[in-house]
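Quick look at structure33.txt (compact mmCIF, C-alpha atoms):
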# COMPACT_ATOMS: atom_id res chain seq x y z
CA MET A 28 1.60 -39.87 85.68
CA ASN A 29 -1.29 -39.44 88.10
CA LYS A 30 -4.60 -40.96 87.11
CA PRO A 31 -7.37 -38.46 86.36
CA GLN A 32 -9.53 -37.36 89.28
CA ILE A 33 -13.27 -36.56 89.22
CA GLY A 34 -13.76 -33.06 87.80
CA GLU A 35 -10.34 -32.96 86.11
CA PRO A 36 -9.65 -33.24 82.38
CA VAL A 37 -8.75 -36.71 81.19
CA PRO A 38 -5.36 -36.97 79.47
CA GLU A 39 -5.31 -36.64 75.71
CA PHE A 40 -4.69 -39.92 73.89
CA ALA A 41 -5.14 -41.50 70.48
CA LEU A 42 -5.21 -45.24 69.75
CA PRO A 43 -5.67 -47.49 66.72
CA SER A 44 -9.26 -48.63 66.37
CA SER A 45 -11.25 -51.53 65.03
CA GLU A 46 -12.36 -49.14 62.27
CA GLY A 47 -8.85 -49.07 60.78
CA ARG A 48 -8.07 -45.53 61.87
CA THR A 49 -6.63 -43.83 64.91
CA ILE A 50 -9.24 -42.34 67.25
CA ALA A 51 -8.37 -39.48 69.60
CA ILE A 52 -10.43 -38.85 72.72
CA SER A 53 -10.55 -35.16 71.73
CA GLU A 54 -12.76 -36.12 68.75
CA TYR A 55 -15.56 -36.61 71.27
CA ARG A 56 -15.51 -33.12 72.81
CA GLY A 57 -19.06 -31.84 72.92
CA ARG A 58 -20.56 -35.17 73.96
CA LYS A 59 -20.22 -37.54 76.87
CA VAL A 60 -18.08 -40.67 76.52
CA VAL A 61 -18.45 -43.99 78.29
CA LEU A 62 -14.86 -45.25 78.17
CA TYR A 63 -14.57 -48.83 79.31
CA PHE A 64 -11.42 -50.90 79.76
CA TYR A 65 -11.70 -54.69 79.57
CA PRO A 66 -9.08 -57.44 79.76
CA LYS A 67 -9.52 -59.55 76.60
CA ASN A 68 -11.72 -60.13 73.55
CA MET A 69 -13.68 -63.38 73.27
CA THR A 70 -13.57 -64.20 77.00
CA PRO A 71 -16.90 -64.86 78.76
CA ALA A 72 -17.04 -61.80 81.07
CA CYS A 73 -15.67 -59.42 78.44
CA THR A 74 -18.14 -60.71 75.85
CA GLN A 75 -21.01 -60.29 78.31
CA GLU A 76 -19.92 -56.74 79.13
CA ALA A 77 -19.59 -55.79 75.45
CA CYS A 78 -23.01 -57.28 74.68
CA ASP A 79 -24.54 -55.41 77.63
CA PHE A 80 -23.13 -52.17 76.20
CA ARG A 81 -24.43 -53.21 72.74
CA ASP A 82 -27.91 -53.79 74.14
CA ALA A 83 -27.89 -50.42 75.92
CA HIS A 84 -26.26 -48.55 73.03
CA GLU A 85 -29.40 -46.75 71.84
CA ARG A 86 -30.28 -45.64 75.39
CA ILE A 87 -26.73 -44.39 75.95
CA LEU A 88 -26.76 -42.52 72.62
CA ALA A 89 -30.14 -41.00 73.51
CA ARG A 90 -28.50 -39.55 76.62
CA GLY A 91 -25.86 -37.84 74.48
CA ALA A 92 -23.01 -40.28 75.10
CA ALA A 93 -20.74 -42.39 72.92
CA ILE A 94 -19.17 -45.72 73.92
CA LEU A 95 -15.50 -46.60 73.44
CA GLY A 96 -13.95 -49.86 74.61
CA ILE A 97 -10.22 -50.36 75.22
CA SER A 98 -8.22 -53.55 75.65
CA LEU A 99 -4.71 -54.74 74.89
CA ASP A 100 -5.94 -56.76 71.89
CA PRO A 101 -4.80 -55.73 68.39
CA PRO A 102 -7.22 -54.02 65.95
CA ALA A 103 -7.71 -57.23 63.91
CA SER A 104 -8.90 -59.07 67.02
CA HIS A 105 -11.24 -56.17 67.80
CA ALA A 106 -12.72 -56.35 64.30
CA LYS A 107 -13.50 -60.08 64.77
CA PHE A 108 -14.97 -59.44 68.23
CA ILE A 109 -17.19 -56.67 66.85
CA ALA A 110 -18.38 -58.80 63.92
CA LYS A 111 -19.10 -61.84 66.08
CA ASN A 112 -21.09 -59.85 68.65
CA ARG A 113 -22.56 -57.12 66.38
CA LEU A 114 -21.08 -54.31 68.45
CA PRO A 115 -22.16 -50.84 67.24
CA PHE A 116 -19.22 -48.93 68.76
CA PRO A 117 -15.45 -48.85 68.14
CA LEU A 118 -12.86 -50.72 70.17
CA LEU A 119 -9.40 -49.27 70.68
CA SER A 120 -6.10 -51.13 70.95
CA ASP A 121 -3.72 -50.21 73.76
CA GLU A 122 -1.17 -52.95 73.09
CA ASP A 123 1.63 -51.19 75.00
CA HIS A 124 -0.81 -50.36 77.87
CA ASN A 125 0.17 -46.67 77.97
CA VAL A 126 -3.43 -45.44 78.16
CA CYS A 127 -4.25 -48.15 80.71
CA GLU A 128 -1.42 -46.79 82.84
CA MET A 129 -2.71 -43.21 82.42
CA PHE A 130 -6.06 -44.26 83.85
CA GLY A 131 -4.55 -46.44 86.57
CA VAL A 132 -6.09 -49.68 85.30
CA TRP A 133 -2.77 -51.48 84.56
CA GLN A 134 -2.19 -53.15 87.92
CA LEU A 135 -0.74 -56.09 89.74
CA LYS A 136 -3.30 -58.90 89.75
CA LYS A 137 -3.43 -62.29 91.45
CA LEU A 138 -4.91 -65.50 90.10
CA TYR A 139 -4.48 -68.87 91.80
CA GLY A 140 -1.58 -67.50 93.83
CA ARG A 141 0.26 -66.18 90.78
CA GLU A 142 0.97 -62.45 90.50
CA TYR A 143 1.12 -60.66 87.16
CA MET A 144 0.46 -57.26 85.62
CA GLY A 145 -2.89 -56.95 83.89
CA LEU A 146 -5.79 -54.73 82.93
CA VAL A 147 -8.39 -54.24 85.67
CA ARG A 148 -11.92 -53.93 84.27
CA SER A 149 -12.95 -50.29 84.77
CA THR A 150 -15.26 -47.69 83.24
CA PHE A 151 -15.04 -43.90 83.10
CA LEU A 152 -17.71 -41.36 82.24
CA ILE A 153 -16.22 -38.29 80.57
CA ASP A 154 -18.30 -35.14 80.18
CA GLU A 155 -18.69 -32.91 77.13
CA GLU A 156 -15.69 -30.80 78.15
CA GLY A 157 -13.39 -33.80 78.47
CA LYS A 158 -13.49 -33.93 82.27
CA LEU A 159 -13.89 -37.09 84.31
CA GLN A 160 -17.45 -37.17 85.60
CA ALA A 161 -17.63 -40.64 87.24
CA GLU A 162 -15.59 -43.81 87.51
CA TRP A 163 -16.16 -47.46 88.25
CA ARG A 164 -13.04 -49.44 89.11
CA ASN A 165 -12.61 -53.19 89.51
CA VAL A 166 -16.00 -53.70 87.84
CA ARG A 167 -18.24 -56.71 88.17
CA VAL A 168 -20.12 -57.16 84.90
CA LYS A 169 -23.58 -57.99 86.26
CA GLY A 170 -25.59 -54.77 86.65
CA HIS A 171 -22.71 -52.55 85.57
CA VAL A 172 -24.29 -51.05 82.44
CA ALA A 173 -27.49 -50.31 84.39
CA ALA A 174 -25.42 -48.33 86.91
CA ILE A 175 -23.85 -46.34 84.08
CA LEU A 176 -27.27 -45.57 82.58
CA GLU A 177 -28.43 -44.30 85.99
CA GLU A 178 -25.38 -42.06 86.29
CA ILE A 179 -25.74 -40.63 82.77
CA ALA A 180 -29.41 -39.86 83.46
CA LYS A 181 -28.37 -37.50 86.29
CA TYR A 182 -26.80 -35.02 83.86
Would you write the structure of this file as structure tokens?
Amino acid sequence: MNKPQIGEPVPEFALPSSEGRTIAISEYRGRKVVLYFYPKNMTPACTQEACDFRDAHERILARGAAILGISLDPPASHAKFIAKNRLPFPLLSDEDHNVCEMFGVWQLKKLYGREYMGLVRSTFLIDEEGKLQAEWRNVRVKGHVAAILEEIAKY
């Protein structure tokens, strides 16, 4: 499957959430969605990114957008991560990495000379009609949420 391109509809998907229910992306039609993919709960960079989104949550909501995070972690791990960091948005579990593959964020990675498949930190801004509006791939955490806020403010 080809990854979504700017201006095209994102593929429909539904995943188990930290809230104990399945969330479908179509539930968010009519509002923007900041959809961010991150490698693993409780790791330093992923915790920082989640907390940056937490701290900007009210500003993102004020711009008509919701936040959804996706990782390979199971829902129980997400619930602990949310509780520990007081995250005000749901996290979705893509344990079989199907949605990660749809968005092209399941890739070959290298660490200390070792190659393995893994989730590449990426964020997607989806518009009210379900179309991809902007994307950030291979994200560095520092300054990332500020860049998203700038992009959302344009629309």
- Message: So that I can check the surroundings of stretch 154-158 of chain A, please list as a ChimeraX atom specification every protein, DNA and RNA residue that reaches within 6 Å of it, counting only C-alpha atoms and ignoring chain neighbours fewer than 2 positions away.
- Response: /A:34-37,56-59,160
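Using all atoms listed in the file for every distance, the candidate list A:Ile52, A:Ala72, A:Val61, A:Val168 yields A:Val61 as the residue closest to A:Phe116.
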- Quick one: residues within 10 Å of A:Leu152, all atoms listed in the file counted, chain neighbours fewer than 4 positions away excluded, as a ChimeraX atom specification? /A:33,59-63,92-94,157-163,175,178-179
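For A:Lys111, the non-local neighbours within 12 Å, defined as residues at least 6 positions apart in the same chain or in other chains and counting all atoms listed in the file, are Asn68, Met69, Thr74, Ala77, Cys78, Ser104 and His105 of chain A.
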Name all residues at most 6 Å from A:Pro102 (count only C-alpha atoms; drop same-chain ones fewer than 4 positions away) and give them as a PDB file with C-alpha atoms, keeping the file's coordinate frame.
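Saved result, result22.pdb, follows:
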ATOM      1  CA  SER A  44      -9.260 -48.630  66.370  1.00  0.00           C
ATOM      2  CA  SER A  45     -11.250 -51.530  65.030  1.00  0.00           C
ATOM      3  CA  SER A 120      -6.100 -51.130  70.950  1.00  0.00           C
TER       4      SER A 120
END
- Near A:Ala51, within 8 Å and counting all atoms listed in the file, which residues show up once chain neighbours fewer than 4 positions away are dropped, as a list in words? Glu39, Phe40, Ala41, Leu42 and Tyr55 of chain A
- Please, what distance in Å, to one decimal, runs between atom CA of A:Pro43 and atom CA of A:Lys107? 15.0 Å
- Message: For a quick check of understanding, using only C-alpha atoms, which of A:Gln32, A:Phe80, A:Tyr65, A:Ala110 has the smallest distance to A:Ala174?
- Response: A:Phe80
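Closest approach to A:Asp82 among A:Pro115, A:Pro66, A:Pro101, A:Gly96: A:Pro115, based on only C-alpha atoms.
For the residues A:Thr150, A:Gln75, A:Asn165, A:Ser98, ranking by smallest atom-to-atom distance to A:Leu118 using all atoms listed in the file places A:Ser98 first.
Straight-line separation from atom CA of A:Thr70 to atom CA of A:Lys30: 26.9 Å.
Taking all atoms listed in the file into account, A:Val147 lies nearest to A:Lys67 out of the set A:Lys181, A:Lys67, A:Arg81, A:Arg48.
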- Message: I'd like to know which of A:Val132, A:Ala180, A:Leu138, A:Leu114 is closest to A:Ala89, using only C-alpha atoms.
- Response: A:Ala180
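Between atom CA of A:Leu99 and atom CA of A:Leu146 there is a distance of 8.1 Å.
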